[in-house]
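Asks: Coordinates in model.cif, mmCIF, C-alpha atoms, are listed below.
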data_structure
#
loop_
_atom_site.label_atom_id
_atom_site.label_comp_id
_atom_site.auth_asym_id
_atom_site.auth_seq_id
_atom_site.Cartn_x
_atom_site.Cartn_y
_atom_site.Cartn_z
CA MET A 1 -33.64 -39.87 3.13
CA LYS A 2 -32.08 -39.27 -0.26
CA LYS A 3 -35.26 -37.59 -1.51
CA LEU A 4 -35.32 -35.38 1.60
CA ILE A 5 -31.76 -34.20 0.97
CA LEU A 6 -32.49 -33.47 -2.71
CA ASP A 7 -35.61 -31.54 -1.80
CA ALA A 8 -33.63 -29.50 0.72
CA ILE A 9 -31.00 -28.66 -1.89
CA GLU A 10 -33.54 -27.73 -4.55
CA SER A 11 -35.56 -25.58 -2.15
CA SER A 12 -32.57 -23.61 -0.83
CA GLY A 13 -33.60 -20.18 -2.08
CA ASP A 14 -35.05 -19.06 -5.38
CA LEU A 15 -32.04 -20.16 -7.45
CA SER A 16 -31.37 -23.57 -8.95
CA ALA A 17 -28.17 -25.47 -8.25
CA GLU A 18 -26.99 -24.83 -11.82
CA VAL A 19 -27.31 -21.05 -11.42
CA ILE A 20 -25.50 -21.10 -8.07
CA ILE A 21 -22.62 -23.13 -9.53
CA LEU A 22 -22.47 -20.83 -12.57
CA ARG A 23 -22.19 -17.71 -10.40
CA LEU A 24 -19.51 -19.27 -8.20
CA CYS A 25 -17.52 -20.43 -11.24
CA ALA A 26 -17.73 -16.96 -12.80
CA ALA A 27 -16.50 -15.45 -9.53
CA ALA A 28 -13.65 -17.97 -9.37
CA LEU A 29 -12.64 -17.17 -12.96
CA ILE A 30 -12.54 -13.41 -12.37
CA ALA A 31 -10.78 -14.00 -9.05
CA GLY A 32 -8.06 -15.72 -11.08
CA PHE A 33 -7.57 -12.48 -13.04
CA ILE A 34 -7.36 -10.59 -9.75
CA PHE A 35 -4.77 -13.08 -8.51
CA LEU A 36 -2.70 -12.63 -11.67
CA SER A 37 -3.01 -8.85 -11.56
CA TYR A 38 -1.83 -8.68 -7.96
CA ARG A 39 1.10 -10.98 -8.74
CA LEU A 40 2.21 -8.91 -11.74
CA SER A 41 1.73 -5.47 -10.22
CA HIS A 42 3.58 -6.29 -6.98
CA ASP A 43 7.17 -7.37 -6.75
CA GLY A 44 9.93 -7.64 -4.21
CA SER A 45 9.24 -7.61 -0.48
CA ILE A 46 5.79 -6.03 -0.82
CA TYR A 47 4.31 -9.14 -2.50
CA SER A 48 2.39 -11.43 -0.15
CA SER A 49 1.25 -14.80 -1.49
CA LYS A 50 -1.05 -15.30 1.50
CA PHE A 51 -2.80 -12.00 0.86
CA ASN A 52 -3.13 -12.86 -2.82
CA VAL A 53 -4.85 -16.16 -1.99
CA SER A 54 -7.06 -14.31 0.48
CA LEU A 55 -8.27 -12.07 -2.35
CA VAL A 56 -9.54 -15.10 -4.27
CA VAL A 57 -11.28 -16.48 -1.20
CA LEU A 58 -12.78 -13.07 -0.41
CA THR A 59 -14.32 -12.93 -3.89
CA LEU A 60 -15.93 -16.35 -3.46
CA ILE A 61 -17.17 -15.53 0.04
CA THR A 62 -18.78 -12.29 -1.14
CA THR A 63 -20.41 -14.12 -4.04
CA THR A 64 -21.80 -16.76 -1.69
CA VAL A 65 -23.19 -14.11 0.64
CA MET A 66 -24.85 -12.29 -2.25
CA ILE A 67 -26.41 -15.54 -3.48
CA VAL A 68 -27.87 -16.16 -0.02
CA ILE A 69 -29.12 -12.59 0.38
CA GLY A 70 -30.63 -12.27 -3.09
CA ASN A 71 -33.62 -9.96 -2.96
CA HIS A 72 -34.41 -10.69 0.69
CA ILE A 73 -34.38 -7.35 2.50
CA SER A 74 -34.50 -8.96 5.93
CA LEU A 75 -31.40 -11.05 5.20
CA SER A 76 -29.52 -8.06 3.82
CA LEU A 77 -30.28 -6.00 6.91
CA GLY A 78 -29.16 -8.86 9.11
CA MET A 79 -25.91 -9.16 7.17
CA VAL A 80 -25.22 -5.43 7.56
CA GLY A 81 -25.81 -5.74 11.29
CA ALA A 82 -23.48 -8.75 11.51
CA LEU A 83 -20.69 -7.01 9.59
CA SER A 84 -21.03 -3.87 11.70
CA ILE A 85 -19.66 -5.70 14.75
CA VAL A 86 -16.62 -7.09 12.91
CA ARG A 87 -13.37 -5.17 13.22
CA PHE A 88 -10.50 -5.73 10.82
CA ARG A 89 -7.12 -4.94 12.35
CA THR A 90 -4.85 -6.33 9.63
CA ALA A 91 -2.37 -3.67 8.57
CA VAL A 92 -2.44 -2.78 4.88
CA LYS A 93 1.22 -2.56 3.91
CA ASP A 94 0.59 -1.10 0.46
CA SER A 95 -2.08 1.45 -0.43
CA ARG A 96 -2.88 -0.60 -3.54
CA ASP A 97 -4.00 -3.52 -1.35
CA ALA A 98 -7.14 -1.60 -0.38
CA ILE A 99 -7.97 -1.32 -4.09
CA TYR A 100 -7.75 -5.08 -4.51
CA ILE A 101 -9.95 -5.68 -1.47
CA PHE A 102 -12.69 -3.43 -2.85
CA TRP A 103 -12.23 -4.98 -6.29
CA CYS A 104 -12.83 -8.47 -4.88
CA ILE A 105 -15.90 -7.35 -2.96
CA THR A 106 -17.32 -5.64 -6.06
CA VAL A 107 -16.76 -8.71 -8.23
CA GLY A 108 -18.37 -10.89 -5.58
CA ILE A 109 -21.43 -8.64 -5.45
CA CYS A 110 -21.75 -8.57 -9.24
CA CYS A 111 -21.35 -12.32 -9.69
CA GLY A 112 -23.64 -13.05 -6.77
CA ALA A 113 -26.31 -10.89 -8.40
CA GLY A 114 -25.71 -12.46 -11.83
CA ASP A 115 -24.27 -9.31 -13.46
CA TYR A 116 -21.43 -11.10 -15.25
CA VAL A 117 -21.00 -8.42 -17.93
CA VAL A 118 -20.46 -5.67 -15.35
CA ALA A 119 -18.04 -7.85 -13.36
CA SER A 120 -16.09 -8.88 -16.49
CA CYS A 121 -15.86 -5.48 -18.19
CA GLY A 122 -15.03 -3.68 -14.96
CA SER A 123 -12.36 -6.25 -14.08
CA VAL A 124 -10.72 -6.02 -17.49
CA LEU A 125 -10.48 -2.25 -17.21
CA ILE A 126 -9.16 -2.37 -13.64
CA PHE A 127 -6.73 -5.13 -14.63
CA ALA A 128 -5.32 -2.99 -17.46
CA VAL A 129 -5.03 0.14 -15.29
CA LEU A 130 -3.26 -1.69 -12.46
CA LEU A 131 -0.83 -3.37 -14.85
CA LEU A 132 -0.09 -0.02 -16.43
CA PHE A 133 0.43 1.93 -13.23
CA GLY A 134 1.15 -0.87 -10.79
CA ARG A 135 4.92 -0.72 -11.23
CA ILE A 136 5.23 3.00 -10.60
CA LYS A 137 7.67 3.46 -7.76
CA ASN A 138 7.54 6.06 -5.06
CA ASP A 139 10.00 8.92 -5.22
CA ASN A 140 11.83 7.74 -2.13
CA ARG A 141 12.81 10.48 0.26
CA MET A 142 16.22 10.69 1.85
CA LEU A 143 16.68 11.68 5.47
CA LEU A 144 19.93 13.41 6.38
CA ILE A 145 20.55 12.93 10.11
CA ILE A 146 23.27 15.03 11.74
CA ARG A 147 24.36 15.14 15.37
CA THR A 148 26.88 17.68 16.56
CA VAL A 149 27.75 19.94 19.47
CA ARG A 150 25.39 22.79 20.32
CA VAL A 151 27.80 25.53 19.25
CA ASN A 152 27.64 24.24 15.65
CA GLU A 153 23.88 24.67 15.41
CA GLU A 154 23.86 27.77 13.24
CA LYS A 155 26.82 26.62 11.15
CA VAL A 156 25.14 23.34 10.21
CA GLU A 157 21.85 25.01 9.31
CA ALA A 158 23.63 27.58 7.15
CA LEU A 159 25.70 24.91 5.39
CA ILE A 160 22.68 22.73 4.59
CA PHE A 161 20.70 25.73 3.34
CA GLN A 162 23.55 26.82 1.07
CA TYR A 163 24.54 23.34 -0.14
CA PHE A 164 21.02 22.32 -1.21
CA ASP A 165 19.95 25.79 -2.36
CA GLY A 166 17.34 26.08 0.40
CA LYS A 167 15.42 23.00 -0.80
CA ALA A 168 16.27 20.75 2.15
CA GLN A 169 13.38 20.68 4.64
CA LEU A 170 14.13 20.59 8.34
CA ARG A 171 11.82 17.97 9.82
CA VAL A 172 13.24 17.41 13.30
CA LYS A 173 15.56 19.37 15.54
CA ASN A 174 16.43 17.90 18.93
CA THR A 175 18.63 19.82 21.31
CA THR A 176 20.22 19.31 24.70
CA GLU A 177 22.56 21.52 26.71
CA THR A 178 25.59 20.27 24.82
CA SER A 179 24.36 18.69 21.58
CA VAL A 180 21.90 19.12 18.73
CA GLU A 181 20.46 16.64 16.23
CA PHE A 182 18.98 17.59 12.85
CA ILE A 183 16.84 15.53 10.48
CA PHE A 184 16.55 17.06 7.02
CA GLU A 185 14.31 15.65 4.30
CA LEU A 186 15.75 15.51 0.79
CA SER A 187 14.13 14.31 -2.40
CA LYS A 188 16.06 11.98 -4.68
CA ARG A 189 16.16 14.71 -7.32
CA ILE A 190 17.77 17.22 -4.96
CA LEU A 191 20.33 14.66 -3.84
CA ASP A 192 21.24 13.76 -7.42
CA LYS A 193 21.88 17.43 -8.23
CA SER A 194 24.11 17.80 -5.18
CA ASP A 195 26.25 14.86 -6.33
CA ARG A 196 27.54 17.02 -9.18
CA LYS A 197 29.30 19.34 -6.77
CA ASP A 198 33.02 19.08 -6.15
CA LYS A 199 32.64 18.22 -2.47
CA SER A 200 30.12 15.86 -0.86
CA ILE A 201 27.79 17.04 1.89
CA THR A 202 29.43 14.73 4.43
CA SER A 203 32.89 16.14 3.70
CA SER A 204 31.55 19.67 4.05
CA LEU A 205 29.92 18.83 7.36
CA TYR A 206 32.98 17.15 8.86
CA GLU A 207 35.05 20.20 7.98
CA ILE A 208 32.99 22.13 10.53
CA GLY A 209 34.38 19.90 13.27
CA ASN A 210 32.85 18.14 16.28
CA ILE A 211 30.33 16.23 14.13
CA GLU A 212 29.35 13.12 16.09
CA TYR A 213 27.70 11.37 13.14
CA CYS A 214 26.10 12.04 9.76
CA ASN A 215 23.67 9.44 8.39
CA LEU A 216 21.79 9.34 5.09
CA VAL A 217 18.71 7.10 5.28
CA THR A 218 16.18 6.17 2.59
CA GLN A 219 12.58 6.63 3.68
CA ASN A 220 10.05 4.49 1.84
CA ASP A 221 6.26 4.69 2.27
CA GLU A 222 5.86 0.98 1.65
CA ILE A 223 6.13 -1.35 4.63
CA GLY A 224 8.19 -4.41 3.96
CA SER A 225 7.06 -7.82 5.08
#
Output the file's structure as structure tokens, nothing else.
Replies:
Amino acid sequence: MKKLILDAIESSGDLSAEVIILRLCAAALIAGFIFLSYRLSHDGSIYSSKFNVSLVVLTLITTTVMIVIGNHISLSLGMVGALSIVRFRTAVKDSRDAIYIFWCITVGICCGAGDYVVASCGSVLIFAVLLLFGRIKNDNRMLLIIRTVRVNEEKVEALIFQYFDGKAQLRVKNTTETSVEFIFELSKRILDKSDRKDKSITSSLYEIGNIEYCNLVTQNDEIGS
């Protein structure tokens, strides 16, 4: 029985057990760099420890699949057919997460094929680039939301145009018989310049009269967890 099990292990594909273990260990080592890179380049609410662990597992899974496929065309075609019926519905909350997913798959393919130099050099370069640019923050947009009576429609538009030197963009304008609601988009730079004026935008708006509310909301492209 023992000899039968050993024969089955040794005959599992064209690779020896030592080569398989070496490729999996190389994948695990590079996956550790990916784990560290994701941890350092993400901070605050956008960091997900579960997703980070999933990246390591994804690398090992891809490596294992590549070891099994090898140079067998029939197996590779079968794998493509199997993956074509799988649908991934997990929301990517940061655009950089897609980069890490493709990075893990690429490392898994390289290690599974035994191309350790390509996997290592490519990972080092990607690691350096992500650490360098990973902490760049979005220029958060500000949304100025104003609700007032319908008769103030033209006054509000004229005030906003004059106050922000025509750089405020009107994104939404909802009207009823008696009221109107505006949503203007402002960049952080425009808002900082307006702070130097003697009177704030809210004070200027309330001087018009019959302003129901005036809200300033930060709009961020990143989805918090």
Asks: My list of candidates is A:Ile145, A:Cys25, A:Ile201, A:Ile126. Which is closest to Phe184 in chain A when distances are computed with all atoms listed in the file?
Replies: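 Among A:Ile145, A:Cys25, A:Ile201, A:Ile126, it is A:Ile145 that comes nearest to Phe184 in chain A.
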Asks: I would like the residues chosen by the PyMOL selection byres ((chain A and resi 211-214) around 9) on the shown file; could you give them as a ChimeraX atom specification?
Replies: /A:144-149,152,202,205-210,215-216
Asks: Please provide as a ChimeraX atom specification all residues within 9 Å of Trp103 in chain A, with the sequence filter that same-chain residues fewer than 3 positions apart are discarded (counting only C-alpha atoms).
Replies: /A:34,59,98-100,106-108,123,126
Asks: Okay, now the selection with C-alpha atoms, as a compact mmCIF listing (two decimals), keeping the file's coordinate frame?
Replies:
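Once everything was written out, this is part.txt:
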# COMPACT_ATOMS: atom_id res chain seq x y z
CA ILE A 34 -7.36 -10.59 -9.75
CA THR A 59 -14.32 -12.93 -3.89
CA ALA A 98 -7.14 -1.60 -0.38
CA ILE A 99 -7.97 -1.32 -4.09
CA TYR A 100 -7.75 -5.08 -4.51
CA THR A 106 -17.32 -5.64 -6.06
CA VAL A 107 -16.76 -8.71 -8.23
CA GLY A 108 -18.37 -10.89 -5.58
CA SER A 123 -12.36 -6.25 -14.08
CA ILE A 126 -9.16 -2.37 -13.64
Asks: Could you work out how far CA of Phe102 in chain A lies from CA of Val53 in chain A, giving the answer in Å with one decimal?
Replies: 15.0 Å
Asks: Can you work out the spacing between CA of Phe133 in chain A and CA of Tyr47 in chain A in Å, to one decimal?
Replies: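 Here the two named atoms are 15.9 Å from each other.
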Asks: Quick one: distance from CA of Gly114 in chain A to CA of Ser49 in chain A in Å, one decimal?
Replies: 29.0 Å
Asks: Neighbours of Met66 in chain A within 8 Å (only C-alpha atoms; same-chain residues fewer than 3 positions away dropped), as a PyMOL selection string?
Replies: chain A and resi 62-63+69-70+108-109+112-113
Asks: List the spatial neighbours of Phe127 in chain A as a list of chain:residue names - criterion: any atom at most 8 Å away, only C-alpha atoms, same-chain residues fewer than 2 positions off excluded.
Replies: A:Phe33, A:Ile34, A:Ser37, A:Ser123, A:Val124, A:Leu125, A:Val129, A:Leu130, A:Leu131
Asks: Can you turn the PyMOL selection byres ((chain A and resi 35) around 10) into a concrete residue list for this file, as a PDB file with C-alpha atoms, in the frame of the given file?
Replies:
ATOM      1  CA  LEU A  29     -12.640 -17.170 -12.960  1.00  0.00           C
ATOM      2  CA  ILE A  30     -12.540 -13.410 -12.370  1.00  0.00           C
ATOM      3  CA  ALA A  31     -10.780 -14.000  -9.050  1.00  0.00           C
ATOM      4  CA  GLY A  32      -8.060 -15.720 -11.080  1.00  0.00           C
ATOM      5  CA  PHE A  33      -7.570 -12.480 -13.040  1.00  0.00           C
ATOM      6  CA  ILE A  34      -7.360 -10.590  -9.750  1.00  0.00           C
ATOM      7  CA  LEU A  36      -2.700 -12.630 -11.670  1.00  0.00           C
ATOM      8  CA  SER A  37      -3.010  -8.850 -11.560  1.00  0.00           C
ATOM      9  CA  TYR A  38      -1.830  -8.680  -7.960  1.00  0.00           C
ATOM     10  CA  ARG A  39       1.100 -10.980  -8.740  1.00  0.00           C
ATOM     11  CA  LEU A  40       2.210  -8.910 -11.740  1.00  0.00           C
ATOM     12  CA  SER A  49       1.250 -14.800  -1.490  1.00  0.00           C
ATOM     13  CA  PHE A  51      -2.800 -12.000   0.860  1.00  0.00           C
ATOM     14  CA  ASN A  52      -3.130 -12.860  -2.820  1.00  0.00           C
ATOM     15  CA  VAL A  53      -4.850 -16.160  -1.990  1.00  0.00           C
ATOM     16  CA  SER A  54      -7.060 -14.310   0.480  1.00  0.00           C
ATOM     17  CA  LEU A  55      -8.270 -12.070  -2.350  1.00  0.00           C
ATOM     18  CA  VAL A  56      -9.540 -15.100  -4.270  1.00  0.00           C
ATOM     19  CA  TYR A 100      -7.750  -5.080  -4.510  1.00  0.00           C
ATOM     20  CA  CYS A 104     -12.830  -8.470  -4.880  1.00  0.00           C
TER      21      CYS A 104
END
Asks: Counting all atoms listed in the file, which of A:Leu143, A:Leu22, A:Ala119, A:Val151 gets nearest to Ala168 in chain A?
Replies: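 Of A:Leu143, A:Leu22, A:Ala119, A:Val151, the one nearest Ala168 in chain A is A:Leu143, counting all atoms listed in the file.
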Asks: Output, as JSON, the centre and edge lengths in Å (one decimal) of the axis-aligned box that contains all listed atoms of range 202-205 of chain A with 8 Å of margin on each side.
Replies:
{"center_x": 31.2, "center_y": 17.2, "center_z": 5.5, "size_x": 19.5, "size_y": 20.9, "size_z": 19.7}
Asks: Quick check on the file I pasted: which residues fall under the PyMOL selection byres ((chain A and resi 167) around 12)? Write them as an MDAnalysis selection string.
Replies: chainID A and resid 160:166 168:170 184:191 193:194
Asks: Counting all atoms listed in the file, which residue out of A:Ile183, A:Ile61, A:Leu24, A:Ala17 sits closest to Met142 in chain A?
Replies: A:Ile183
